[in-house]
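A.B. asks: My questions all concern the structure below.
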Amino acid sequence: MRASILLGLLFVGCGARTALTEGDAGVDDVSIAPIDRPPTVEVGFDVGFDVGFDRPVAVDLGTPVDRPIVPPPDRPAFCGDGVVGGAEECDRGADNGPTDAFTLSQPGRPSVVVRPLARPLSAAGFYAYESASAHTGFEDVGLASHILYVDAATGTLSLVYVAGRDGDLGLAPLQGDAALQLNWLGVPAGASVAASDDEGELRGVGGGRFEGRWSFNNNTDGGAIQGLPWDQAWRVVVQTVRVEGIARSRFIGFNGAPAALTLRDDVVITHRVGDLCREDCRRPRCGDNRLDAGERCDDGNLAGGDGCAADCQRFN
Ligand SMILES: [Ca+2]
Ligand SMILES: [Ca+2]
Ligand SMILES: [Ca+2]
Ligand SMILES: [Ca+2]
């Protein structure tokens, strides 16, 4: 309190001198003008004295106030949130997507779902090499065919390639001079050459690479790479490096249905595996007539003995 009193007297003295000078009033009339000063700030605790001049303003910290926790906006569960809810059968979030076992694509073109052509023949039996030619039934003059093929008796999966046509069939016109160089890249380990048309023209060179180097006239050339795994994901890129005497290219799959390809562009065939979830949060299932990852066939039913077994794992 001693400090307060002393400071107060000092301020009073200053004010009195100012009033005398300006108002020229007698000492008795002196009125002490109020001193402008900042309002006293409640600092939330007792400082013990009021100094009455500028000083740091203390902030009322007060006591902490519990703010109500505002719940997030109500967001109903949806397909793609990664949580299985409601009528969803699965939900892998951003990984929801196509479940098709095989897709075919070329640069700059949308990929399409494909399925293998199934016959109860080995790849070599299907290729039916004779008189320097293949006899798959898909040969034609000036035409090359990439065939995704499965031996329905064994389930062995193959990539077959044929170009040209056997002149000994007696059909016109005849296949003229032709030359082809193709590379298969990314072929999984364990696959091997099942047919080469003429010996040694198609061969594996290691590292998942197979090379076809063919020249032919009045017959076919091509070959078959068999033993692609069903239980692994893979992506085979077929490069057409050199092509002469062949003008058109196509893909042959399920039931022999052709799909046109651009002749010189890479052909990419992809195989999926795994426990996948569709964009609509439905699981792929056997019997829905879509060949999904993990299935070898799907004929749209759960009956066996009709070409595709009840579990979609065998042709029967
Ligand atoms: Ca969901
Ligand atoms: Ca040949
Ligand atoms: Ca299916
Ligand atoms: Ca069936």
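As shown in the structure tokens, the chain order sets the letters A, B, ...; within each chain, residues go from 1, and ligands are also counted from 1 in the order they appear.
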As a ChimeraX atom specification, please: every protein or nucleic acid residue near ligand 4 (cut-off 9 Å, counting only C-alpha atoms and all ligand atoms).
C.D. replies: /A:287,297-312,315-316
A.B. asks: Could you pull the residues within 6 Å of segment 238-240 of chain A, counting only C-alpha atoms, minus those fewer than 6 positions along the same chain, as a list in words?
C.D. replies: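 Close residues of segment 238-240 of chain A: Leu182, Asn183, Trp184, Arg264, Asp266 and Val267 of chain A.
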A.B. asks: Write out as number ranges by chain each polymer residue (protein, DNA or RNA) that has an atom no more than 8 Å from ligand 2, with only C-alpha atoms and all ligand atoms counted.
C.D. replies: A: 131-134, 197-198, 214-217, 219-222
A.B. asks: Keeping only C-alpha atoms, write the selected residues to a file as a CSV table (one decimal), in the first residue's frame.
C.D. replies:
chain,number,residue,atom,x,y,z
A,131,SER,CA,2.5,-80.1,-93.9
A,132,ALA,CA,4.5,-77.2,-92.4
A,133,SER,CA,1.2,-75.6,-91.1
A,134,ALA,CA,-1.2,-75.3,-88.2
A,197,ASP,CA,5.5,-74.7,-86.5
A,198,ASP,CA,8.9,-75.4,-87.9
A,214,TRP,CA,9.3,-67.1,-88.8
A,215,SER,CA,9.4,-66.8,-92.6
A,216,PHE,CA,7.0,-68.8,-94.7
A,217,ASN,CA,5.3,-69.1,-98.0
A,219,ASN,CA,1.7,-72.3,-95.4
A,220,THR,CA,1.4,-71.1,-91.9
A,221,ASP,CA,3.8,-70.2,-89.1
A,222,GLY,CA,3.2,-69.7,-85.4
A.B. asks: From the options A:Glu279, A:Asp91, A:Glu244, A:Asp288, which residue's atoms come nearest to Ala144 of chain A, counting only C-alpha atoms?
C.D. replies: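 Closest to Ala144 of chain A, using only C-alpha atoms: A:Glu244.
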A.B. asks: Would you list the residues that come within 12 Å of ligand 1? Count only C-alpha atoms and all ligand atoms and give the answer as a PyMOL selection string.
C.D. replies: chain A and resi 75-94+96+277-282
A.B. asks: Write the selection just made, keeping C-alpha atoms, as a PDB file, in the first residue's frame?
C.D. replies:
ATOM      1  CA  ARG A  75     -22.368 -40.102 -43.250  1.00  0.00           C
ATOM      2  CA  PRO A  76     -24.133 -43.307 -44.134  1.00  0.00           C
ATOM      3  CA  ALA A  77     -21.982 -46.282 -45.004  1.00  0.00           C
ATOM      4  CA  PHE A  78     -21.329 -46.618 -48.712  1.00  0.00           C
ATOM      5  CA  CYS A  79     -19.701 -49.021 -51.150  1.00  0.00           C
ATOM      6  CA  GLY A  80     -16.053 -48.062 -51.384  1.00  0.00           C
ATOM      7  CA  ASP A  81     -15.544 -46.945 -47.790  1.00  0.00           C
ATOM      8  CA  GLY A  82     -13.628 -50.115 -47.041  1.00  0.00           C
ATOM      9  CA  VAL A  83     -16.160 -51.301 -44.469  1.00  0.00           C
ATOM     10  CA  VAL A  84     -18.619 -54.065 -45.231  1.00  0.00           C
ATOM     11  CA  GLY A  85     -22.060 -52.789 -44.348  1.00  0.00           C
ATOM     12  CA  GLY A  86     -25.700 -53.140 -45.249  1.00  0.00           C
ATOM     13  CA  ALA A  87     -26.254 -55.342 -48.261  1.00  0.00           C
ATOM     14  CA  GLU A  88     -22.578 -55.290 -49.285  1.00  0.00           C
ATOM     15  CA  GLU A  89     -20.892 -58.640 -49.720  1.00  0.00           C
ATOM     16  CA  CYS A  90     -17.406 -57.145 -49.594  1.00  0.00           C
ATOM     17  CA  ASP A  91     -15.742 -53.748 -49.567  1.00  0.00           C
ATOM     18  CA  ARG A  92     -12.021 -53.327 -50.196  1.00  0.00           C
ATOM     19  CA  GLY A  93     -12.231 -49.572 -50.525  1.00  0.00           C
ATOM     20  CA  ALA A  94     -10.153 -48.208 -53.367  1.00  0.00           C
ATOM     21  CA  ASN A  96     -12.788 -52.575 -55.373  1.00  0.00           C
ATOM     22  CA  CYS A 277     -14.383 -57.330 -54.734  1.00  0.00           C
ATOM     23  CA  ARG A 278     -16.359 -55.716 -57.536  1.00  0.00           C
ATOM     24  CA  GLU A 279     -17.072 -51.998 -57.855  1.00  0.00           C
ATOM     25  CA  ASP A 280     -20.602 -52.612 -56.606  1.00  0.00           C
ATOM     26  CA  CYS A 281     -19.347 -54.393 -53.470  1.00  0.00           C
ATOM     27  CA  ARG A 282     -20.473 -57.787 -54.690  1.00  0.00           C
TER      28      ARG A 282
END
A.B. asks: Taking into account only C-alpha atoms and all ligand atoms, which residue in the set A:Gln181, A:Asn218, A:Thr99, A:Asn255 is nearest to ligand 3?
C.D. replies: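 The shortest atom-to-atom distance to ligand 3 comes from A:Thr99.
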A.B. asks: Write out as CSV a residue-level contact list of chain A versus ligand 3 with cut-off 6 Å: for each qualifying residue the closest pair of atoms and the distance in Å to one decimal, counting only C-alpha atoms and all ligand atoms, rows sorted by chain and residue number upward.
C.D. replies:
residue,atom,partner,partner_atom_place_in_ligand_line,distance
A:Pro284,CA,ligand 3,1 (Ca),5.5
A:Arg285,CA,ligand 3,1 (Ca),4.5
A:Cys286,CA,ligand 3,1 (Ca),4.2
A:Gly287,CA,ligand 3,1 (Ca),5.5
A:Asp288,CA,ligand 3,1 (Ca),4.8
A:Asn289,CA,ligand 3,1 (Ca),5.5
A:Arg290,CA,ligand 3,1 (Ca),4.2
A:Leu291,CA,ligand 3,1 (Ca),4.6
A:Asp292,CA,ligand 3,1 (Ca),4.7
A:Asp298,CA,ligand 3,1 (Ca),5.4
A.B. asks: May I have the residues within 6 Å of Ala124 of chain A as a list in words, using only C-alpha atoms and disregarding those fewer than 2 positions away in the same chain?
C.D. replies: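 Result of the neighbour search: Ser122, Phe126, Tyr127, Ala194 and Ala195 of chain A.
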A.B. asks: How about saving the chosen residues, C-alpha atoms kept, as a PDB file, in the first residue's frame?
C.D. replies:
ATOM      1  CA  SER A 122      -3.604 -80.307 -75.744  1.00  0.00           C
ATOM      2  CA  PHE A 126      -5.095 -78.013 -81.135  1.00  0.00           C
ATOM      3  CA  TYR A 127      -2.240 -76.576 -83.231  1.00  0.00           C
ATOM      4  CA  ALA A 194       4.315 -76.775 -77.080  1.00  0.00           C
ATOM      5  CA  ALA A 195       4.411 -76.055 -80.802  1.00  0.00           C
TER       6      ALA A 195
END
A.B. asks: Would you please extract all strand (DSSP E or B) residues from segment 36-239 of chain A, as assigned by DSSP on the backbone, and give them as an MDAnalysis selection string?
C.D. replies: chainID A and resid 100 102:105 112:114 117:119 130 133 140:151 157:164 178:185 192:195 202:206 209:216 220:228 234:239
A.B. asks: Name the residues in contact with Val160 of chain A at a cut-off of 7 Å, using only C-alpha atoms, excluding same-chain residues fewer than 3 positions from it; report them as JSON, numbers by chain.
C.D. replies: {"A": [146, 147, 148, 149, 223, 224, 225]}
A.B. asks: May I ask for the distance between atom CA of Ser249 of chain A and atom CA of Ser145 of chain A, given in Å to one decimal place?
C.D. replies: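 A separation of 5.8 Å between them.
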A.B. asks: Calculate how many Å separate atom CA of Pro107 of chain A from atom CA of Val268 of chain A, rounding to one decimal.
C.D. replies: 8.6 Å
A.B. asks: If you run DSSP on this backbone, which residues of segment 49-272 of chain A come out as alpha helix (DSSP H), and could you give them as a VMD selection string?
C.D. replies: chain A and resid 123 to 127
A.B. asks: For a test of reading the model, state the distance in Å between atom CA of Gly206 of chain A and atom CA of Asp231 of chain A, rounded to one decimal.
C.D. replies: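 Between these atoms lies a distance of 21.0 Å.
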